[in-house]
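Student: mmCIF, N, CA and C atoms, file structure-v9.cif:
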```
data_structure
loop_
_atom_site.label_atom_id
_atom_site.label_comp_id
_atom_site.auth_asym_id
_atom_site.auth_seq_id
_atom_site.Cartn_x
_atom_site.Cartn_y
_atom_site.Cartn_z
N MET B 97 31.85 34.61 12.82
CA MET B 97 31.83 33.53 11.84
C MET B 97 31.67 32.18 12.54
N ARG B 98 32.30 32.04 13.72
CA ARG B 98 32.17 30.78 14.45
C ARG B 98 30.72 30.51 14.85
N ALA B 99 30.03 31.57 15.25
CA ALA B 99 28.62 31.41 15.63
C ALA B 99 27.79 30.96 14.44
N PHE B 100 28.08 31.49 13.26
CA PHE B 100 27.36 31.08 12.05
C PHE B 100 27.60 29.59 11.78
N HIS B 101 28.82 29.12 11.87
CA HIS B 101 29.12 27.70 11.63
C HIS B 101 28.43 26.81 12.66
N ALA B 102 28.39 27.28 13.92
CA ALA B 102 27.70 26.51 14.95
C ALA B 102 26.21 26.43 14.64
N PHE B 103 25.62 27.55 14.17
CA PHE B 103 24.20 27.56 13.83
C PHE B 103 23.92 26.60 12.68
N VAL B 104 24.73 26.65 11.62
CA VAL B 104 24.55 25.77 10.47
C VAL B 104 24.69 24.31 10.90
N GLY B 105 25.65 24.02 11.75
CA GLY B 105 25.83 22.65 12.25
C GLY B 105 24.63 22.18 13.05
N ALA B 106 24.12 23.05 13.91
CA ALA B 106 22.94 22.68 14.71
C ALA B 106 21.73 22.45 13.83
N ALA B 107 21.54 23.31 12.82
CA ALA B 107 20.40 23.14 11.90
C ALA B 107 20.52 21.83 11.14
N ALA B 108 21.72 21.49 10.71
CA ALA B 108 21.92 20.23 9.99
C ALA B 108 21.59 19.04 10.88
N LEU B 109 21.97 19.10 12.15
CA LEU B 109 21.66 18.00 13.06
C LEU B 109 20.16 17.84 13.25
N LEU B 110 19.45 18.96 13.32
CA LEU B 110 17.99 18.87 13.45
C LEU B 110 17.37 18.19 12.24
N VAL B 111 17.79 18.58 11.07
CA VAL B 111 17.25 17.99 9.84
C VAL B 111 17.62 16.53 9.75
N LEU B 112 18.86 16.21 10.02
CA LEU B 112 19.29 14.81 9.95
C LEU B 112 18.57 13.95 10.98
N GLY B 113 18.25 14.55 12.12
CA GLY B 113 17.53 13.80 13.14
C GLY B 113 16.20 13.28 12.62
N ALA B 114 15.59 14.01 11.72
CA ALA B 114 14.32 13.59 11.14
C ALA B 114 14.51 12.44 10.17
N CYS B 115 15.72 12.29 9.65
CA CYS B 115 15.95 11.30 8.60
C CYS B 115 16.81 10.14 9.03
N SER B 116 17.28 10.14 10.27
CA SER B 116 18.24 9.12 10.66
C SER B 116 17.61 7.96 11.39
N GLU B 117 16.32 7.93 11.49
CA GLU B 117 15.64 6.86 12.17
C GLU B 117 15.74 5.60 11.33
N LYS B 118 16.59 4.65 11.74
CA LYS B 118 16.83 3.43 10.97
C LYS B 118 16.15 2.25 11.68
N PRO B 119 15.07 1.74 11.11
CA PRO B 119 14.33 0.67 11.75
C PRO B 119 14.81 -0.70 11.31
N ALA B 120 14.36 -1.70 12.04
CA ALA B 120 14.56 -3.08 11.62
C ALA B 120 13.43 -3.48 10.68
N ALA B 121 12.29 -2.81 10.80
CA ALA B 121 11.15 -3.17 9.95
C ALA B 121 10.24 -1.96 9.77
N THR B 122 9.43 -1.99 8.74
CA THR B 122 8.48 -0.92 8.49
C THR B 122 7.28 -1.08 9.41
N THR B 123 6.82 0.01 9.94
CA THR B 123 5.66 0.01 10.81
C THR B 123 4.44 0.36 9.99
N SER B 124 3.43 -0.50 9.99
CA SER B 124 2.17 -0.19 9.34
C SER B 124 1.25 0.36 10.41
N THR B 125 0.76 1.55 10.21
CA THR B 125 -0.06 2.22 11.20
C THR B 125 -1.51 2.21 10.76
N THR B 126 -2.37 1.73 11.62
CA THR B 126 -3.79 1.69 11.30
C THR B 126 -4.51 2.82 12.03
N ALA B 127 -5.71 3.10 11.59
CA ALA B 127 -6.51 4.15 12.22
C ALA B 127 -6.80 3.81 13.67
N ALA B 128 -6.79 2.53 14.02
CA ALA B 128 -7.08 2.11 15.39
C ALA B 128 -5.98 2.54 16.35
N GLN B 129 -4.76 2.70 15.84
CA GLN B 129 -3.67 3.14 16.70
C GLN B 129 -3.86 4.60 17.02
N SER B 130 -3.56 4.94 18.25
CA SER B 130 -3.74 6.31 18.70
C SER B 130 -2.42 7.07 18.54
N LEU B 131 -2.37 7.93 17.54
CA LEU B 131 -1.21 8.79 17.34
C LEU B 131 -1.57 10.21 17.73
N PRO B 132 -0.65 10.93 18.32
CA PRO B 132 -0.94 12.35 18.60
C PRO B 132 -1.04 13.11 17.29
N PRO B 133 -1.62 14.29 17.31
CA PRO B 133 -1.69 15.08 16.09
C PRO B 133 -0.29 15.32 15.52
N ALA B 134 -0.20 15.39 14.21
CA ALA B 134 1.09 15.62 13.56
C ALA B 134 1.57 17.04 13.86
N ASP B 135 2.89 17.18 14.05
CA ASP B 135 3.48 18.50 14.22
C ASP B 135 3.49 19.24 12.89
N ALA B 136 3.61 18.48 11.80
CA ALA B 136 3.61 19.08 10.45
C ALA B 136 3.35 17.97 9.44
N SER B 137 2.95 18.39 8.25
CA SER B 137 2.72 17.46 7.14
C SER B 137 3.32 18.09 5.89
N TYR B 138 3.97 17.26 5.07
CA TYR B 138 4.65 17.76 3.87
C TYR B 138 4.32 16.88 2.68
N THR B 139 4.20 17.49 1.51
CA THR B 139 4.04 16.76 0.27
C THR B 139 5.27 17.07 -0.57
N ALA B 140 5.88 16.01 -1.08
CA ALA B 140 7.12 16.15 -1.85
C ALA B 140 7.10 15.17 -3.01
N ARG B 141 8.09 15.31 -3.89
CA ARG B 141 8.26 14.38 -5.00
C ARG B 141 9.61 13.70 -4.86
N GLY B 142 9.68 12.47 -5.37
CA GLY B 142 10.94 11.75 -5.30
C GLY B 142 10.88 10.47 -6.10
N ARG B 143 11.90 9.64 -5.87
CA ARG B 143 12.00 8.36 -6.56
C ARG B 143 12.12 7.26 -5.51
N ILE B 144 11.36 6.19 -5.67
CA ILE B 144 11.42 5.08 -4.73
C ILE B 144 12.74 4.33 -4.92
N ASP B 145 13.51 4.24 -3.84
CA ASP B 145 14.78 3.52 -3.85
C ASP B 145 14.69 2.18 -3.13
N GLY B 146 13.63 1.97 -2.36
CA GLY B 146 13.47 0.71 -1.65
C GLY B 146 12.04 0.57 -1.16
N LEU B 147 11.58 -0.67 -1.13
CA LEU B 147 10.22 -0.97 -0.68
C LEU B 147 10.25 -1.94 0.48
N PRO B 148 9.25 -1.87 1.36
CA PRO B 148 9.19 -2.82 2.47
C PRO B 148 9.06 -4.25 1.93
N THR B 149 9.66 -5.18 2.63
CA THR B 149 9.57 -6.59 2.25
C THR B 149 8.56 -7.28 3.16
N PRO B 150 7.94 -8.37 2.68
CA PRO B 150 6.95 -9.08 3.49
C PRO B 150 7.51 -9.56 4.83
N ASP B 151 8.82 -9.85 4.88
CA ASP B 151 9.41 -10.33 6.14
C ASP B 151 9.68 -9.20 7.12
N GLY B 152 9.43 -7.96 6.71
CA GLY B 152 9.60 -6.82 7.61
C GLY B 152 11.04 -6.39 7.82
N LYS B 153 11.95 -6.88 7.01
CA LYS B 153 13.36 -6.54 7.19
C LYS B 153 13.78 -5.30 6.41
N SER B 154 12.87 -4.75 5.61
CA SER B 154 13.17 -3.57 4.83
C SER B 154 12.07 -2.54 5.07
N TYR B 155 12.23 -1.35 4.51
CA TYR B 155 11.32 -0.24 4.76
C TYR B 155 11.19 0.60 3.49
N LEU B 156 10.28 1.55 3.50
CA LEU B 156 10.10 2.44 2.36
C LEU B 156 11.24 3.45 2.35
N HIS B 157 11.91 3.56 1.21
CA HIS B 157 13.07 4.44 1.07
C HIS B 157 12.83 5.31 -0.17
N ILE B 158 12.78 6.63 0.03
CA ILE B 158 12.51 7.56 -1.07
C ILE B 158 13.61 8.61 -1.14
N HIS B 159 14.16 8.81 -2.32
CA HIS B 159 15.11 9.91 -2.58
C HIS B 159 14.23 11.08 -3.00
N HIS B 160 14.11 12.08 -2.13
CA HIS B 160 13.16 13.17 -2.40
C HIS B 160 13.85 14.48 -2.76
N GLU B 161 13.08 15.32 -3.43
CA GLU B 161 13.54 16.66 -3.77
C GLU B 161 13.62 17.51 -2.50
N THR B 162 14.22 18.68 -2.62
CA THR B 162 14.31 19.63 -1.51
C THR B 162 12.91 19.98 -1.01
N ILE B 163 12.78 20.11 0.31
CA ILE B 163 11.52 20.51 0.92
C ILE B 163 11.78 21.83 1.65
N PRO B 164 11.63 22.97 0.93
CA PRO B 164 12.02 24.26 1.51
C PRO B 164 11.21 24.68 2.73
N GLU B 165 9.97 24.21 2.86
CA GLU B 165 9.11 24.63 3.97
C GLU B 165 9.24 23.75 5.22
N PHE B 166 10.16 22.77 5.20
CA PHE B 166 10.32 21.85 6.34
C PHE B 166 10.66 22.62 7.62
N LYS B 167 9.99 22.25 8.71
CA LYS B 167 10.21 22.89 10.00
C LYS B 167 10.93 21.93 10.94
N GLY B 168 11.91 22.44 11.66
CA GLY B 168 12.64 21.66 12.65
C GLY B 168 11.80 21.42 13.89
N ARG B 169 12.38 20.72 14.83
CA ARG B 169 11.71 20.36 16.07
C ARG B 169 11.12 21.57 16.80
N ASP B 170 11.80 22.72 16.71
CA ASP B 170 11.33 23.91 17.42
C ASP B 170 10.31 24.72 16.62
N GLY B 171 9.93 24.24 15.42
CA GLY B 171 8.92 24.92 14.61
C GLY B 171 9.49 25.95 13.66
N THR B 172 10.79 26.14 13.69
CA THR B 172 11.44 27.09 12.79
C THR B 172 11.64 26.46 11.42
N VAL B 173 11.35 27.22 10.37
CA VAL B 173 11.57 26.72 9.01
C VAL B 173 13.07 26.59 8.78
N THR B 174 13.51 25.35 8.57
CA THR B 174 14.93 25.07 8.33
C THR B 174 15.16 24.59 6.91
N GLY B 175 14.08 24.09 6.29
CA GLY B 175 14.22 23.47 4.98
C GLY B 175 14.86 22.10 5.13
N MET B 176 14.65 21.27 4.15
CA MET B 176 15.29 19.96 4.13
C MET B 176 15.87 19.78 2.74
N ASN B 177 17.15 19.50 2.69
CA ASN B 177 17.82 19.30 1.42
C ASN B 177 17.32 18.02 0.75
N GLU B 178 17.55 17.94 -0.53
CA GLU B 178 17.32 16.69 -1.26
C GLU B 178 18.10 15.59 -0.55
N MET B 179 17.49 14.45 -0.37
CA MET B 179 18.18 13.33 0.28
C MET B 179 17.41 12.04 0.08
N SER B 180 18.08 10.95 0.38
CA SER B 180 17.42 9.65 0.45
C SER B 180 16.97 9.49 1.88
N MET B 181 15.71 9.13 2.07
CA MET B 181 15.14 9.10 3.42
C MET B 181 14.41 7.79 3.65
N ASP B 182 14.59 7.24 4.82
CA ASP B 182 13.92 6.01 5.23
C ASP B 182 12.62 6.38 5.94
N PHE B 183 11.54 5.72 5.57
CA PHE B 183 10.25 5.95 6.22
C PHE B 183 9.81 4.64 6.86
N ILE B 184 9.84 4.59 8.20
CA ILE B 184 9.44 3.35 8.86
C ILE B 184 7.94 3.29 9.05
N GLY B 185 7.30 4.43 9.12
CA GLY B 185 5.86 4.45 9.30
C GLY B 185 5.15 4.66 7.98
N VAL B 186 4.28 3.73 7.64
CA VAL B 186 3.47 3.84 6.43
C VAL B 186 2.03 3.53 6.84
N SER B 187 1.12 4.44 6.56
CA SER B 187 -0.28 4.25 6.90
C SER B 187 -0.83 2.99 6.21
N SER B 188 -1.70 2.29 6.90
CA SER B 188 -2.30 1.09 6.31
C SER B 188 -3.19 1.43 5.11
N SER B 189 -3.53 2.70 4.94
CA SER B 189 -4.33 3.11 3.79
C SER B 189 -3.48 3.26 2.52
N VAL B 190 -2.16 3.18 2.65
CA VAL B 190 -1.26 3.30 1.50
C VAL B 190 -0.95 1.91 0.97
N ASP B 191 -1.31 1.65 -0.28
CA ASP B 191 -1.05 0.35 -0.92
C ASP B 191 0.24 0.45 -1.73
N LEU B 192 1.32 -0.09 -1.19
CA LEU B 192 2.61 -0.01 -1.88
C LEU B 192 2.81 -1.13 -2.89
N SER B 193 1.84 -2.05 -3.01
CA SER B 193 2.00 -3.19 -3.91
C SER B 193 2.04 -2.79 -5.39
N LYS B 194 1.53 -1.60 -5.72
CA LYS B 194 1.51 -1.16 -7.12
C LYS B 194 2.74 -0.33 -7.50
N PHE B 195 3.71 -0.23 -6.60
CA PHE B 195 4.91 0.55 -6.85
C PHE B 195 6.13 -0.34 -7.01
N ALA B 196 7.12 0.20 -7.73
CA ALA B 196 8.38 -0.53 -7.94
C ALA B 196 9.55 0.41 -7.68
N ILE B 197 10.68 -0.16 -7.38
CA ILE B 197 11.89 0.63 -7.22
C ILE B 197 12.14 1.37 -8.54
N GLY B 198 12.43 2.65 -8.43
CA GLY B 198 12.65 3.49 -9.61
C GLY B 198 11.45 4.33 -9.98
N ASP B 199 10.27 4.05 -9.41
CA ASP B 199 9.08 4.85 -9.73
C ASP B 199 9.23 6.27 -9.20
N ALA B 200 8.86 7.24 -10.02
CA ALA B 200 8.77 8.64 -9.59
C ALA B 200 7.42 8.79 -8.89
N VAL B 201 7.43 9.43 -7.72
CA VAL B 201 6.20 9.53 -6.93
C VAL B 201 6.06 10.91 -6.31
N GLU B 202 4.81 11.23 -5.99
CA GLU B 202 4.50 12.34 -5.10
C GLU B 202 4.00 11.67 -3.83
N PHE B 203 4.44 12.15 -2.68
CA PHE B 203 4.04 11.51 -1.43
C PHE B 203 3.85 12.56 -0.34
N THR B 204 3.03 12.19 0.63
CA THR B 204 2.79 13.06 1.78
C THR B 204 3.22 12.30 3.02
N PHE B 205 3.92 13.00 3.90
CA PHE B 205 4.30 12.39 5.17
C PHE B 205 4.08 13.38 6.30
N GLU B 206 3.74 12.81 7.45
CA GLU B 206 3.54 13.59 8.67
C GLU B 206 4.77 13.43 9.55
N VAL B 207 5.05 14.47 10.33
CA VAL B 207 6.15 14.42 11.29
C VAL B 207 5.58 14.59 12.68
N ARG B 208 6.01 13.71 13.57
CA ARG B 208 5.68 13.79 15.00
C ARG B 208 7.00 13.71 15.74
N TRP B 209 7.45 14.83 16.27
CA TRP B 209 8.78 14.89 16.87
C TRP B 209 8.89 14.08 18.16
N LYS B 210 7.80 13.88 18.87
CA LYS B 210 7.90 13.25 20.19
C LYS B 210 7.22 11.89 20.27
N SER B 211 6.98 11.25 19.14
CA SER B 211 6.37 9.92 19.19
C SER B 211 6.96 9.05 18.11
N SER B 212 6.57 7.80 18.13
CA SER B 212 7.06 6.85 17.14
C SER B 212 5.85 6.28 16.40
N PRO B 213 5.90 6.17 15.10
CA PRO B 213 7.03 6.54 14.26
C PRO B 213 7.12 8.06 14.13
N ARG B 214 8.35 8.56 13.99
CA ARG B 214 8.55 10.01 13.86
C ARG B 214 7.96 10.51 12.55
N THR B 215 8.09 9.71 11.49
CA THR B 215 7.49 10.08 10.20
C THR B 215 6.49 9.01 9.80
N LEU B 216 5.40 9.44 9.22
CA LEU B 216 4.34 8.54 8.78
C LEU B 216 3.92 8.94 7.37
N VAL B 217 4.11 8.06 6.41
CA VAL B 217 3.69 8.30 5.03
C VAL B 217 2.19 8.04 4.96
N THR B 218 1.45 9.04 4.49
CA THR B 218 -0.01 8.92 4.45
C THR B 218 -0.57 8.86 3.04
N MET B 219 0.27 9.16 2.02
CA MET B 219 -0.19 9.12 0.64
C MET B 219 1.01 8.95 -0.27
N VAL B 220 0.86 8.09 -1.29
CA VAL B 220 1.86 7.95 -2.34
C VAL B 220 1.11 7.79 -3.65
N LYS B 221 1.50 8.59 -4.65
CA LYS B 221 0.90 8.42 -5.98
C LYS B 221 2.01 8.45 -7.02
N LYS B 222 1.84 7.61 -8.02
CA LYS B 222 2.83 7.48 -9.08
C LYS B 222 2.75 8.69 -10.01
N LEU B 223 3.92 9.18 -10.42
CA LEU B 223 4.02 10.25 -11.39
C LEU B 223 4.34 9.64 -12.76
N PRO B 224 4.12 10.38 -13.84
CA PRO B 224 4.47 9.84 -15.16
C PRO B 224 5.95 9.47 -15.22
N PRO B 225 6.29 8.40 -15.94
CA PRO B 225 7.68 7.93 -15.98
C PRO B 225 8.67 8.96 -16.54
N ASP B 226 8.19 9.90 -17.35
CA ASP B 226 9.09 10.87 -17.94
C ASP B 226 9.17 12.19 -17.16
N VAL B 227 8.59 12.22 -15.95
CA VAL B 227 8.63 13.45 -15.15
C VAL B 227 10.09 13.77 -14.80
N ALA B 228 10.42 15.04 -14.82
CA ALA B 228 11.77 15.49 -14.49
C ALA B 228 11.82 15.87 -13.02
N LEU B 229 12.45 15.03 -12.22
CA LEU B 229 12.61 15.33 -10.80
C LEU B 229 13.89 16.15 -10.60
N LYS B 230 13.88 17.00 -9.60
CA LYS B 230 15.06 17.81 -9.29
C LYS B 230 15.89 17.07 -8.24
N LEU B 231 16.60 16.07 -8.69
CA LEU B 231 17.43 15.23 -7.82
C LEU B 231 18.88 15.35 -8.28
N ILE B 232 19.53 16.39 -7.84
CA ILE B 232 20.90 16.66 -8.24
C ILE B 232 21.84 15.55 -7.81
N ASN B 233 21.63 15.00 -6.62
CA ASN B 233 22.53 13.99 -6.07
C ASN B 233 22.20 12.58 -6.52
N GLU B 234 21.29 12.44 -7.46
CA GLU B 234 20.95 11.12 -7.98
C GLU B 234 21.98 10.76 -9.03
N THR B 235 22.70 9.65 -8.82
CA THR B 235 23.77 9.29 -9.73
C THR B 235 23.23 8.81 -11.07
N ALA B 236 22.22 7.99 -11.03
CA ALA B 236 21.62 7.48 -12.27
C ALA B 236 20.22 7.05 -11.98
N LYS B 237 19.35 7.23 -12.95
CA LYS B 237 17.97 6.78 -12.81
C LYS B 237 17.98 5.25 -12.80
N PRO B 238 17.33 4.62 -11.79
CA PRO B 238 17.31 3.16 -11.75
C PRO B 238 16.81 2.58 -13.07
N GLY B 239 17.49 1.55 -13.52
CA GLY B 239 17.09 0.87 -14.75
C GLY B 239 17.69 1.48 -16.00
N SER B 240 18.46 2.58 -15.87
CA SER B 240 19.04 3.21 -17.06
C SER B 240 20.50 2.87 -17.21
#
```
Spit out the file's structure as structure tokens when you get a sec.
Tutor:
Amino acid sequence: MRAFHAFVGAAALLVLGACSEKPAATTSTTAAQSLPPADASYTARGRIDGLPTPDGKSYLHIHHETIPEFKGRDGTVTGMNEMSMDFIGVSSSVDLSKFAIGDAVEFTFEVRWKSSPRTLVTMVKKLPPDVALKLINETAKPGS
């Protein structure tokens, strides 16, 4: 039983490591920047909880649904629970000016375990306002 608890703890640390990157500012990545190939790419749904500010003191923050196919650093499928996640890397091809806090979105992000930014959002699209997201840990829909 102890080995099982150690395994679960280690898996949780791997998943949290992907989400604990707290920046001072959002990184806008252009095609001119040389990034290594992504280790993985995921498309998920969630709700925007925060947007980058022009002064660079804030970042894209999305409360996303569970991502069952998420792979840890070693390539093993660990899954990622529903959570609020900070994204410091946002591709310059993503126009966040048409989004607001509280918007339901579908988004794609890449993971690069050995480079910065570790996560890079490459696509965001707005979902209908009445879409039912599976966000158990969401206390209240913003604006309600």
Student: With all atoms listed in the file as the basis for distance, which of B:Met219, B:Gly171, B:Ile163, B:Ala134 is at the shortest distance from B:Ser189?
Tutor: B:Met219
Student: Considering only N, CA and C atoms, can you say which of B:Thr149, B:Asp226, B:Ile158, B:Val217 comes closest to B:Asp182?
Tutor: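 Once distances to B:Asp182 are computed over only N, CA and C atoms, the minimum belongs to B:Ile158.
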Student: For the PyMOL selection byres (((chain B and resi 193 and name CA) around 12) and name CA), applied here, can you spell out every residue it catches as a list in words?
Tutor: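 Selected by the PyMOL selection byres (((chain B and resi 193 and name CA) around 12) and name CA) here: Leu147, Pro148, Thr149, Pro150, Leu156, Ser188, Ser189, Val190, Asp191, Leu192, Lys194, Phe195, Ala196, Ile197, Val220, Lys221 and Lys222 of chain B.
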Student: Could you put an axis-aligned box around every listed atom of stretch 173-191 of chain B, padded by 8 Å on each side, and send me its centre and edge lengths in Å to one decimal, as JSON?
Tutor:
```
{"center_x": 6.9, "center_y": 13.8, "center_z": 4.3, "size_x": 38.5, "size_y": 42.9, "size_z": 28.1}
```
Student: For this structure, which residues satisfy the selection - the PyMOL selection byres ((chain B and resi 213) around 8) - when it is evaluated on the file as given? I want them as a VMD selection string.
Tutor: chain B and resid 123 131 184 to 186 206 to 212 214 to 216
Student: Selected by the PyMOL selection byres ((chain B and resi 198) around 8) in the shown coordinates: which residues, as a ChimeraX atom specification?
Tutor: /B:142-146,195-197,199-201,225,237-239
Student: Can you measure atom N of B:Glu202 to atom CA of B:Leu223 for me? One decimal in Å is fine.
Tutor: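 Taking atom N of B:Glu202 and atom CA of B:Leu223, their separation equals 5.5 Å.
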Student: Using only N, CA and C atoms, find the one residue out of B:Leu231, B:Thr218, B:Phe203, B:Asp151 that sits nearest to B:Ser187.
Tutor: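 Of all the options, B:Thr218 lies closest to B:Ser187.
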Student: What is the atom N of B:Tyr155-atom N of B:Arg169 distance in Å, reported with one decimal?
Tutor: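 If I compute the distance from atom N of B:Tyr155 to atom N of B:Arg169, I get 24.4 Å.
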Student: For atom N of B:Ser180 and atom N of B:Thr204, quote the distance in Å rounded to one decimal.
Tutor: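 Separation of atom N of B:Ser180 and atom N of B:Thr204: 15.1 Å.
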Student: Choose the residue, out of B:Asn233, B:Gly152, B:Met181, B:Ala228, that has the smallest atom-to-atom separation from B:Phe205; count only C-alpha atoms.
Tutor: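 Smallest separation from B:Phe205 among the options: B:Met181.
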Student: What would the list of residues within 8 Å of (15.5, 19.4, -8.5) (file frame) look like as a list in words, if only C-alpha atoms are what count?
Tutor: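 Residues close enough to count: Glu161, Thr162, Glu178, Leu229, Lys230, Leu231 and Ile232 of chain B.
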